[in-house]
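Below: final_29.cif (mmCIF, C-alpha atoms)
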data_structure
loop_
_atom_site.group_PDB
_atom_site.id
_atom_site.type_symbol
_atom_site.label_atom_id
_atom_site.label_comp_id
_atom_site.auth_asym_id
_atom_site.auth_seq_id
_atom_site.Cartn_x
_atom_site.Cartn_y
_atom_site.Cartn_z
ATOM 1 C CA MET A 1 15.145 3.846 5.833
ATOM 2 C CA ALA A 2 12.385 1.504 7.009
ATOM 3 C CA ASN A 3 9.391 0.850 4.795
ATOM 4 C CA PRO A 4 6.197 2.492 6.068
ATOM 5 C CA ALA A 5 3.460 0.156 7.275
ATOM 6 C CA PRO A 6 0.988 -0.768 4.523
ATOM 7 C CA SER A 7 -2.323 1.044 4.651
ATOM 8 C CA THR A 8 -5.280 -0.906 5.980
ATOM 9 C CA SER A 9 -7.541 1.252 3.796
ATOM 10 C CA THR A 10 -7.304 -0.697 0.551
ATOM 11 C CA ALA A 11 -9.685 -1.612 -2.231
ATOM 12 C CA ALA A 12 -11.567 -4.840 -1.484
ATOM 13 C CA ARG A 13 -14.293 -6.975 -3.011
ATOM 14 C CA GLU A 14 -16.394 -9.941 -1.926
ATOM 15 C CA GLU A 15 -18.932 -11.590 -4.200
ATOM 16 C CA TRP A 16 -21.254 -14.587 -3.830
ATOM 17 C CA LYS A 17 -24.606 -15.704 -5.223
ATOM 18 C CA GLY A 18 -27.045 -12.992 -4.124
ATOM 19 C CA GLY A 19 -24.545 -10.404 -2.985
ATOM 20 C CA ILE A 20 -21.563 -8.243 -3.764
ATOM 21 C CA CYS A 21 -19.721 -5.684 -1.679
ATOM 22 C CA VAL A 22 -16.949 -3.422 -2.897
ATOM 23 C CA LEU A 23 -14.618 -0.861 -1.352
ATOM 24 C CA THR A 24 -12.934 1.216 -4.031
ATOM 25 C CA TYR A 25 -10.963 4.379 -4.661
ATOM 26 C CA GLU A 26 -12.621 4.690 -8.074
ATOM 27 C CA PRO A 27 -15.753 6.791 -8.733
ATOM 28 C CA LEU A 28 -18.947 4.754 -8.304
ATOM 29 C CA ASP A 29 -20.838 3.928 -11.514
ATOM 30 C CA VAL A 30 -24.498 3.785 -10.492
ATOM 31 C CA GLU A 31 -25.693 2.198 -13.759
ATOM 32 C CA THR A 32 -23.132 -0.613 -13.546
ATOM 33 C CA ILE A 33 -24.014 -1.284 -9.904
ATOM 34 C CA MET A 34 -27.720 -1.346 -10.748
ATOM 35 C CA ARG A 35 -27.094 -3.811 -13.588
ATOM 36 C CA SER A 36 -25.110 -6.053 -11.224
ATOM 37 C CA VAL A 37 -28.332 -6.913 -9.324
ATOM 38 C CA SER A 38 -30.644 -7.150 -12.328
ATOM 39 C CA ASP A 39 -32.538 -10.395 -12.740
ATOM 40 C CA ASP A 40 -35.575 -11.399 -14.793
ATOM 41 C CA ARG A 41 -37.314 -12.551 -11.579
ATOM 42 C CA ALA A 42 -37.083 -9.021 -10.137
ATOM 43 C CA GLY A 43 -40.150 -6.808 -10.239
ATOM 44 C CA ALA A 44 -38.344 -4.101 -8.276
ATOM 45 C CA THR A 45 -34.888 -2.646 -7.883
ATOM 46 C CA ALA A 46 -34.313 -0.167 -5.067
ATOM 47 C CA ILE A 47 -31.274 2.092 -5.242
ATOM 48 C CA PHE A 48 -29.802 4.321 -2.560
ATOM 49 C CA ILE A 49 -27.125 6.815 -3.560
ATOM 50 C CA GLY A 50 -25.376 8.671 -0.757
ATOM 51 C CA THR A 51 -23.560 11.750 -2.049
ATOM 52 C CA THR A 52 -21.204 14.312 -0.559
ATOM 53 C CA ARG A 53 -23.336 17.352 0.262
ATOM 54 C CA ASN A 54 -22.007 20.897 0.212
ATOM 55 C CA SER A 55 -22.849 21.823 3.811
ATOM 56 C CA PHE A 56 -22.928 20.402 7.320
ATOM 57 C CA GLN A 57 -24.165 22.277 10.389
ATOM 58 C CA GLY A 58 -23.853 25.650 8.669
ATOM 59 C CA LYS A 59 -20.338 25.041 7.311
ATOM 60 C CA VAL A 60 -19.468 24.758 3.632
ATOM 61 C CA VAL A 61 -18.099 21.284 2.908
ATOM 62 C CA THR A 62 -15.431 21.147 0.196
ATOM 63 C CA ARG A 63 -14.910 17.370 0.184
ATOM 64 C CA LEU A 64 -14.998 14.175 2.244
ATOM 65 C CA GLU A 65 -12.263 11.644 2.708
ATOM 66 C CA TYR A 66 -12.999 8.029 3.628
ATOM 67 C CA GLN A 67 -10.725 5.423 5.169
ATOM 68 C CA ALA A 68 -11.534 1.879 6.196
ATOM 69 C CA TYR A 69 -10.105 -1.088 7.950
ATOM 70 C CA SER A 70 -10.886 -2.828 4.676
ATOM 71 C CA LYS A 71 -10.262 -6.449 5.649
ATOM 72 C CA LEU A 72 -12.848 -6.194 8.435
ATOM 73 C CA ALA A 73 -15.167 -3.646 6.762
ATOM 74 C CA ILE A 74 -15.754 -5.859 3.727
ATOM 75 C CA LYS A 75 -16.748 -8.756 6.014
ATOM 76 C CA THR A 76 -19.058 -6.465 8.005
ATOM 77 C CA ILE A 77 -20.756 -5.216 4.831
ATOM 78 C CA ALA A 78 -21.144 -8.787 3.552
ATOM 79 C CA GLU A 79 -22.745 -9.746 6.870
ATOM 80 C CA SER A 80 -25.170 -6.805 6.520
ATOM 81 C CA ILE A 81 -26.241 -8.122 3.115
ATOM 82 C CA ARG A 82 -26.627 -11.667 4.448
ATOM 83 C CA ASN A 83 -28.681 -10.353 7.385
ATOM 84 C CA ALA A 84 -31.017 -8.590 4.960
ATOM 85 C CA HIS A 85 -31.445 -11.792 2.937
ATOM 86 C CA ASN A 86 -32.335 -13.647 6.137
ATOM 87 C CA SER A 87 -34.582 -11.059 7.784
ATOM 88 C CA VAL A 88 -36.647 -9.364 5.070
ATOM 89 C CA SER A 89 -39.983 -11.137 5.030
ATOM 90 C CA PRO A 90 -41.945 -11.855 1.868
ATOM 91 C CA SER A 91 -44.846 -9.484 1.242
ATOM 92 C CA ALA A 92 -48.433 -10.610 0.861
ATOM 93 C CA HIS A 93 -47.892 -10.590 -2.929
ATOM 94 C CA HIS A 94 -45.334 -13.378 -2.562
ATOM 95 C CA SER A 95 -46.768 -16.758 -3.472
ATOM 96 C CA ALA A 96 -45.874 -19.631 -1.147
ATOM 97 C CA HIS A 97 -45.943 -21.975 -4.150
ATOM 98 C CA HIS A 98 -43.009 -20.331 -5.910
ATOM 99 C CA HIS A 99 -39.441 -20.715 -4.732
ATOM 100 C CA VAL A 100 -38.351 -17.150 -5.448
ATOM 101 C CA PRO A 101 -36.540 -15.537 -2.518
ATOM 102 C CA SER A 102 -37.738 -12.286 -0.914
ATOM 103 C CA LEU A 103 -34.498 -10.702 -2.103
ATOM 104 C CA ILE A 104 -32.744 -11.731 -5.282
ATOM 105 C CA SER A 105 -29.504 -9.767 -5.182
ATOM 106 C CA CYS A 106 -27.910 -6.978 -3.149
ATOM 107 C CA ALA A 107 -24.869 -4.823 -3.897
ATOM 108 C CA VAL A 108 -23.050 -2.330 -1.698
ATOM 109 C CA HIS A 109 -20.254 -0.202 -3.157
ATOM 110 C CA HIS A 110 -18.473 2.274 -0.869
ATOM 111 C CA ARG A 111 -15.930 4.797 -2.004
ATOM 112 C CA LEU A 112 -12.603 5.300 -0.240
ATOM 113 C CA GLY A 113 -10.267 8.275 -0.452
ATOM 114 C CA THR A 114 -11.406 11.730 -1.516
ATOM 115 C CA VAL A 115 -15.033 12.180 -2.589
ATOM 116 C CA PRO A 116 -15.827 15.659 -3.975
ATOM 117 C CA VAL A 117 -19.142 17.421 -3.384
ATOM 118 C CA GLY A 118 -21.906 15.944 -5.545
ATOM 119 C CA GLU A 119 -20.263 12.558 -6.082
ATOM 120 C CA PRO A 120 -21.563 9.280 -4.623
ATOM 121 C CA SER A 121 -19.763 7.850 -1.597
ATOM 122 C CA ILE A 122 -22.058 4.809 -1.254
ATOM 123 C CA VAL A 123 -24.433 3.033 -3.613
ATOM 124 C CA ILE A 124 -26.745 0.253 -2.477
ATOM 125 C CA ALA A 125 -28.814 -1.709 -4.995
ATOM 126 C CA VAL A 126 -31.351 -4.388 -4.116
ATOM 127 C CA SER A 127 -33.450 -6.486 -6.482
ATOM 128 C CA SER A 128 -36.560 -8.324 -5.348
ATOM 129 C CA PRO A 129 -39.762 -9.700 -6.791
ATOM 130 C CA HIS A 130 -41.642 -6.848 -5.035
ATOM 131 C CA ARG A 131 -40.914 -3.229 -4.105
ATOM 132 C CA LYS A 132 -41.696 -3.516 -0.392
ATOM 133 C CA GLU A 133 -38.894 -6.009 0.210
ATOM 134 C CA ALA A 134 -36.463 -4.086 -2.007
ATOM 135 C CA PHE A 135 -37.038 -0.807 -0.128
ATOM 136 C CA ALA A 136 -36.920 -2.483 3.292
ATOM 137 C CA ALA A 137 -33.669 -4.294 2.522
ATOM 138 C CA CYS A 138 -32.049 -1.198 1.029
ATOM 139 C CA GLU A 139 -32.751 0.812 4.180
ATOM 140 C CA GLN A 140 -31.771 -2.028 6.514
ATOM 141 C CA ILE A 141 -28.428 -2.508 4.736
ATOM 142 C CA LEU A 142 -27.704 1.229 4.760
ATOM 143 C CA GLU A 143 -28.370 1.618 8.475
ATOM 144 C CA ASP A 144 -26.400 -1.535 9.283
ATOM 145 C CA VAL A 145 -23.383 -0.441 7.216
ATOM 146 C CA LYS A 146 -23.393 3.067 8.706
ATOM 147 C CA GLU A 147 -23.638 1.667 12.243
ATOM 148 C CA LYS A 148 -21.215 -1.253 12.010
ATOM 149 C CA ALA A 149 -18.774 -1.032 9.086
ATOM 150 C CA GLN A 150 -15.225 -0.009 9.976
ATOM 151 C CA ILE A 151 -15.271 3.070 7.733
ATOM 152 C CA TRP A 152 -14.439 6.613 8.855
ATOM 153 C CA LYS A 153 -14.900 9.956 7.149
ATOM 154 C CA ARG A 154 -13.119 13.267 7.383
ATOM 155 C CA GLU A 155 -14.973 16.440 6.402
ATOM 156 C CA TYR A 156 -13.092 19.382 4.980
ATOM 157 C CA TYR A 157 -14.665 22.836 5.346
ATOM 158 C CA GLU A 158 -14.188 26.052 3.420
ATOM 159 C CA GLY A 159 -12.050 28.551 5.332
ATOM 160 C CA GLU A 160 -10.596 25.994 7.750
ATOM 161 C CA ARG A 161 -7.068 24.636 7.665
ATOM 162 C CA GLU A 162 -6.811 21.057 6.439
ATOM 163 C CA GLU A 163 -5.106 20.019 9.700
ATOM 164 C CA GLU A 164 -8.316 20.974 11.542
ATOM 165 C CA ALA A 165 -10.425 18.412 9.655
ATOM 166 C CA GLU A 166 -11.464 15.682 12.080
ATOM 167 C CA TRP A 167 -12.120 11.999 11.516
ATOM 168 C CA LYS A 168 -15.664 10.939 12.378
ATOM 169 C CA ALA A 169 -17.526 7.663 12.549
ATOM 170 C CA ASN A 170 -19.359 7.103 9.265
ATOM 171 C CA ASN A 171 -22.801 7.237 10.914
ATOM 172 C CA CYS A 172 -23.382 10.996 10.700
#

Any chance you could put this one into structure tokens?
Amino acid sequence: MANPAPSTSTAAREEWKGGICVLTYEPLDVETIMRSVSDDRAGATAIFIGTTRNSFQGKVVTRLEYQAYSKLAIKTIAESIRNAHNSVSPSAHHSAHHHVPSLISCAVHHRLGTVPVGEPSIVIAVSSPHRKEAFAACEQILEDVKEKAQIWKREYYEGEREEEAEWKANNC
């Protein structure tokens, strides 16, 4: 019997100074992710936690399942973080005399596999000297990841057969 092809939806991680992105089958630990971007230069840390909700368009959702083309998705997420570092402008509070970046550190952790209702599927954490930049970067990264990352979700609904669950782009 031939071996089945290996799954392209595997855990992955990329880390560099100022950024970390993770794809994992493990539950996401919000506190640990938040600590991963902490820095004494940061006056603000913005956190986005995307969770599996219990309904979608009038249907009761029982769970979500995520798959990714991990090798490419991790690079796409890393590029989203780098884009935020390069495009978020310093606020008026930012002194031109100090060499502190607009963003200090960004982390994106995305869950793969089954994510039950109420559990996080994505956590984004951004530290910055000021809140405006942290919020702007957090939203920019989220929208970029949802639009571009090679991650798909499958919603399972109460009362429907599992075979009827359809894969969707992760931008819904």

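Residue nearest Ile104 in chain A within the list A:Gln67, A:Asn54, A:Thr45, A:Gln150: A:Thr45 [criterion: smallest interatomic distance, all atoms listed in the file].
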
Apply the PyMOL selection byres ((chain A and resi 152) around 8) to the file shown and report the selected residues as an mmCIF file with C-alpha atoms, in the coordinates of the input.
data_model
loop_
_atom_site.group_PDB
_atom_site.id
_atom_site.type_symbol
_atom_site.label_atom_id
_atom_site.label_comp_id
_atom_site.auth_asym_id
_atom_site.auth_seq_id
_atom_site.Cartn_x
_atom_site.Cartn_y
_atom_site.Cartn_z
ATOM 1 C CA TYR A 66 -12.999 8.029 3.628
ATOM 2 C CA GLN A 67 -10.725 5.423 5.169
ATOM 3 C CA ALA A 68 -11.534 1.879 6.196
ATOM 4 C CA GLN A 150 -15.225 -0.009 9.976
ATOM 5 C CA ILE A 151 -15.271 3.070 7.733
ATOM 6 C CA LYS A 153 -14.900 9.956 7.149
ATOM 7 C CA ARG A 154 -13.119 13.267 7.383
ATOM 8 C CA TRP A 167 -12.120 11.999 11.516
ATOM 9 C CA LYS A 168 -15.664 10.939 12.378
ATOM 10 C CA ALA A 169 -17.526 7.663 12.549
ATOM 11 C CA ASN A 170 -19.359 7.103 9.265
#

Which residue of A:Arg41, A:His109, A:Arg161, A:Arg131 approaches Ala78 in chain A most closely, using all atoms listed in the file: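 Counting all atoms listed in the file, the residue closest to Ala78 in chain A is A:His109.
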
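Remark: for Asp39 in chain A, the closest of the candidate residues A:Leu103, A:Val108, A:Val123, A:Val145 is A:Leu103 (distances computed over only C-alpha atoms).
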
Chain and number of each residue from the PyMOL selection byres ((chain A and resi 132) around 10), as a VMD selection string: chain A and resid 44 46 88 to 93 102 128 to 131 133 to 137

Can I get the selection written as a PDB file, in the coordinates of the input, with C-alpha atoms?
ATOM      1  CA  ALA A  44     -38.344  -4.101  -8.276  1.00  0.00           C
ATOM      2  CA  ALA A  46     -34.313  -0.167  -5.067  1.00  0.00           C
ATOM      3  CA  VAL A  88     -36.647  -9.364   5.070  1.00  0.00           C
ATOM      4  CA  SER A  89     -39.983 -11.137   5.030  1.00  0.00           C
ATOM      5  CA  PRO A  90     -41.945 -11.855   1.868  1.00  0.00           C
ATOM      6  CA  SER A  91     -44.846  -9.484   1.242  1.00  0.00           C
ATOM      7  CA  ALA A  92     -48.433 -10.610   0.861  1.00  0.00           C
ATOM      8  CA  HIS A  93     -47.892 -10.590  -2.929  1.00  0.00           C
ATOM      9  CA  SER A 102     -37.738 -12.286  -0.914  1.00  0.00           C
ATOM     10  CA  SER A 128     -36.560  -8.324  -5.348  1.00  0.00           C
ATOM     11  CA  PRO A 129     -39.762  -9.700  -6.791  1.00  0.00           C
ATOM     12  CA  HIS A 130     -41.642  -6.848  -5.035  1.00  0.00           C
ATOM     13  CA  ARG A 131     -40.914  -3.229  -4.105  1.00  0.00           C
ATOM     14  CA  GLU A 133     -38.894  -6.009   0.210  1.00  0.00           C
ATOM     15  CA  ALA A 134     -36.463  -4.086  -2.007  1.00  0.00           C
ATOM     16  CA  PHE A 135     -37.038  -0.807  -0.128  1.00  0.00           C
ATOM     17  CA  ALA A 136     -36.920  -2.483   3.292  1.00  0.00           C
ATOM     18  CA  ALA A 137     -33.669  -4.294   2.522  1.00  0.00           C
TER      19      ALA A 137
END

Distance query Ile77 in chain A at most 8 Å, only C-alpha atoms, self and fewer than 3 positions along chain excluded, as a list in words: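 Residues meeting the cut-off are Cys21, Ala73, Ile74, Ser80, Ile81, Val108, Val145 and Ala149 of chain A.
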
Residue with smallest distance to Trp16 in chain A - pool A:Val37, A:Val115, A:Val30, A:Ile47, counting all atoms listed in the file: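 Checking each candidate against Trp16 in chain A, we get A:Val37 as the closest.
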
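Pairwise distance (CA of Ser127 in chain A, CA of Leu23 in chain A) equals 20.3 Å.
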
Matched chain/residue IDs from the PyMOL selection byres ((chain A and resi 120) around 9), as an MDAnalysis selection string: chainID A and resid 27:30 49:52 110:111 115:119 121:123

Atoms kept (C-alpha atoms) for selection, written as a compact mmCIF listing (two decimals), in the coordinates of the input:
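After the write, out21.txt holds the following:
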# COMPACT_ATOMS: atom_id res chain seq x y z
CA PRO A 27 -15.75 6.79 -8.73
CA LEU A 28 -18.95 4.75 -8.30
CA ASP A 29 -20.84 3.93 -11.51
CA VAL A 30 -24.50 3.78 -10.49
CA ILE A 49 -27.12 6.82 -3.56
CA GLY A 50 -25.38 8.67 -0.76
CA THR A 51 -23.56 11.75 -2.05
CA THR A 52 -21.20 14.31 -0.56
CA HIS A 110 -18.47 2.27 -0.87
CA ARG A 111 -15.93 4.80 -2.00
CA VAL A 115 -15.03 12.18 -2.59
CA PRO A 116 -15.83 15.66 -3.98
CA VAL A 117 -19.14 17.42 -3.38
CA GLY A 118 -21.91 15.94 -5.54
CA GLU A 119 -20.26 12.56 -6.08
CA SER A 121 -19.76 7.85 -1.60
CA ILE A 122 -22.06 4.81 -1.25
CA VAL A 123 -24.43 3.03 -3.61

Distance query Ala165 in chain A at most 7 Å, only C-alpha atoms, self and fewer than 3 positions along chain excluded, as a ChimeraX atom specification: /A:154-156,162

Would you save the residues of that selection, restricted to C-alpha atoms, as a tab-separated table (two decimals), keeping the file's coordinate frame?
chain	number	residue	atom	x	y	z
A	154	ARG	CA	-13.12	13.27	7.38
A	155	GLU	CA	-14.97	16.44	6.40
A	156	TYR	CA	-13.09	19.38	4.98
A	162	GLU	CA	-6.81	21.06	6.44

For CA of Tyr157 in chain A and CA of Arg63 in chain A, the interatomic separation in Å (one decimal): 7.5 Å

Shell around Glu158 in chain A at 10 Å using all atoms listed in the file, local window under 6 positions removed, as a PyMOL selection string: chain A and resi 54-55+59-63
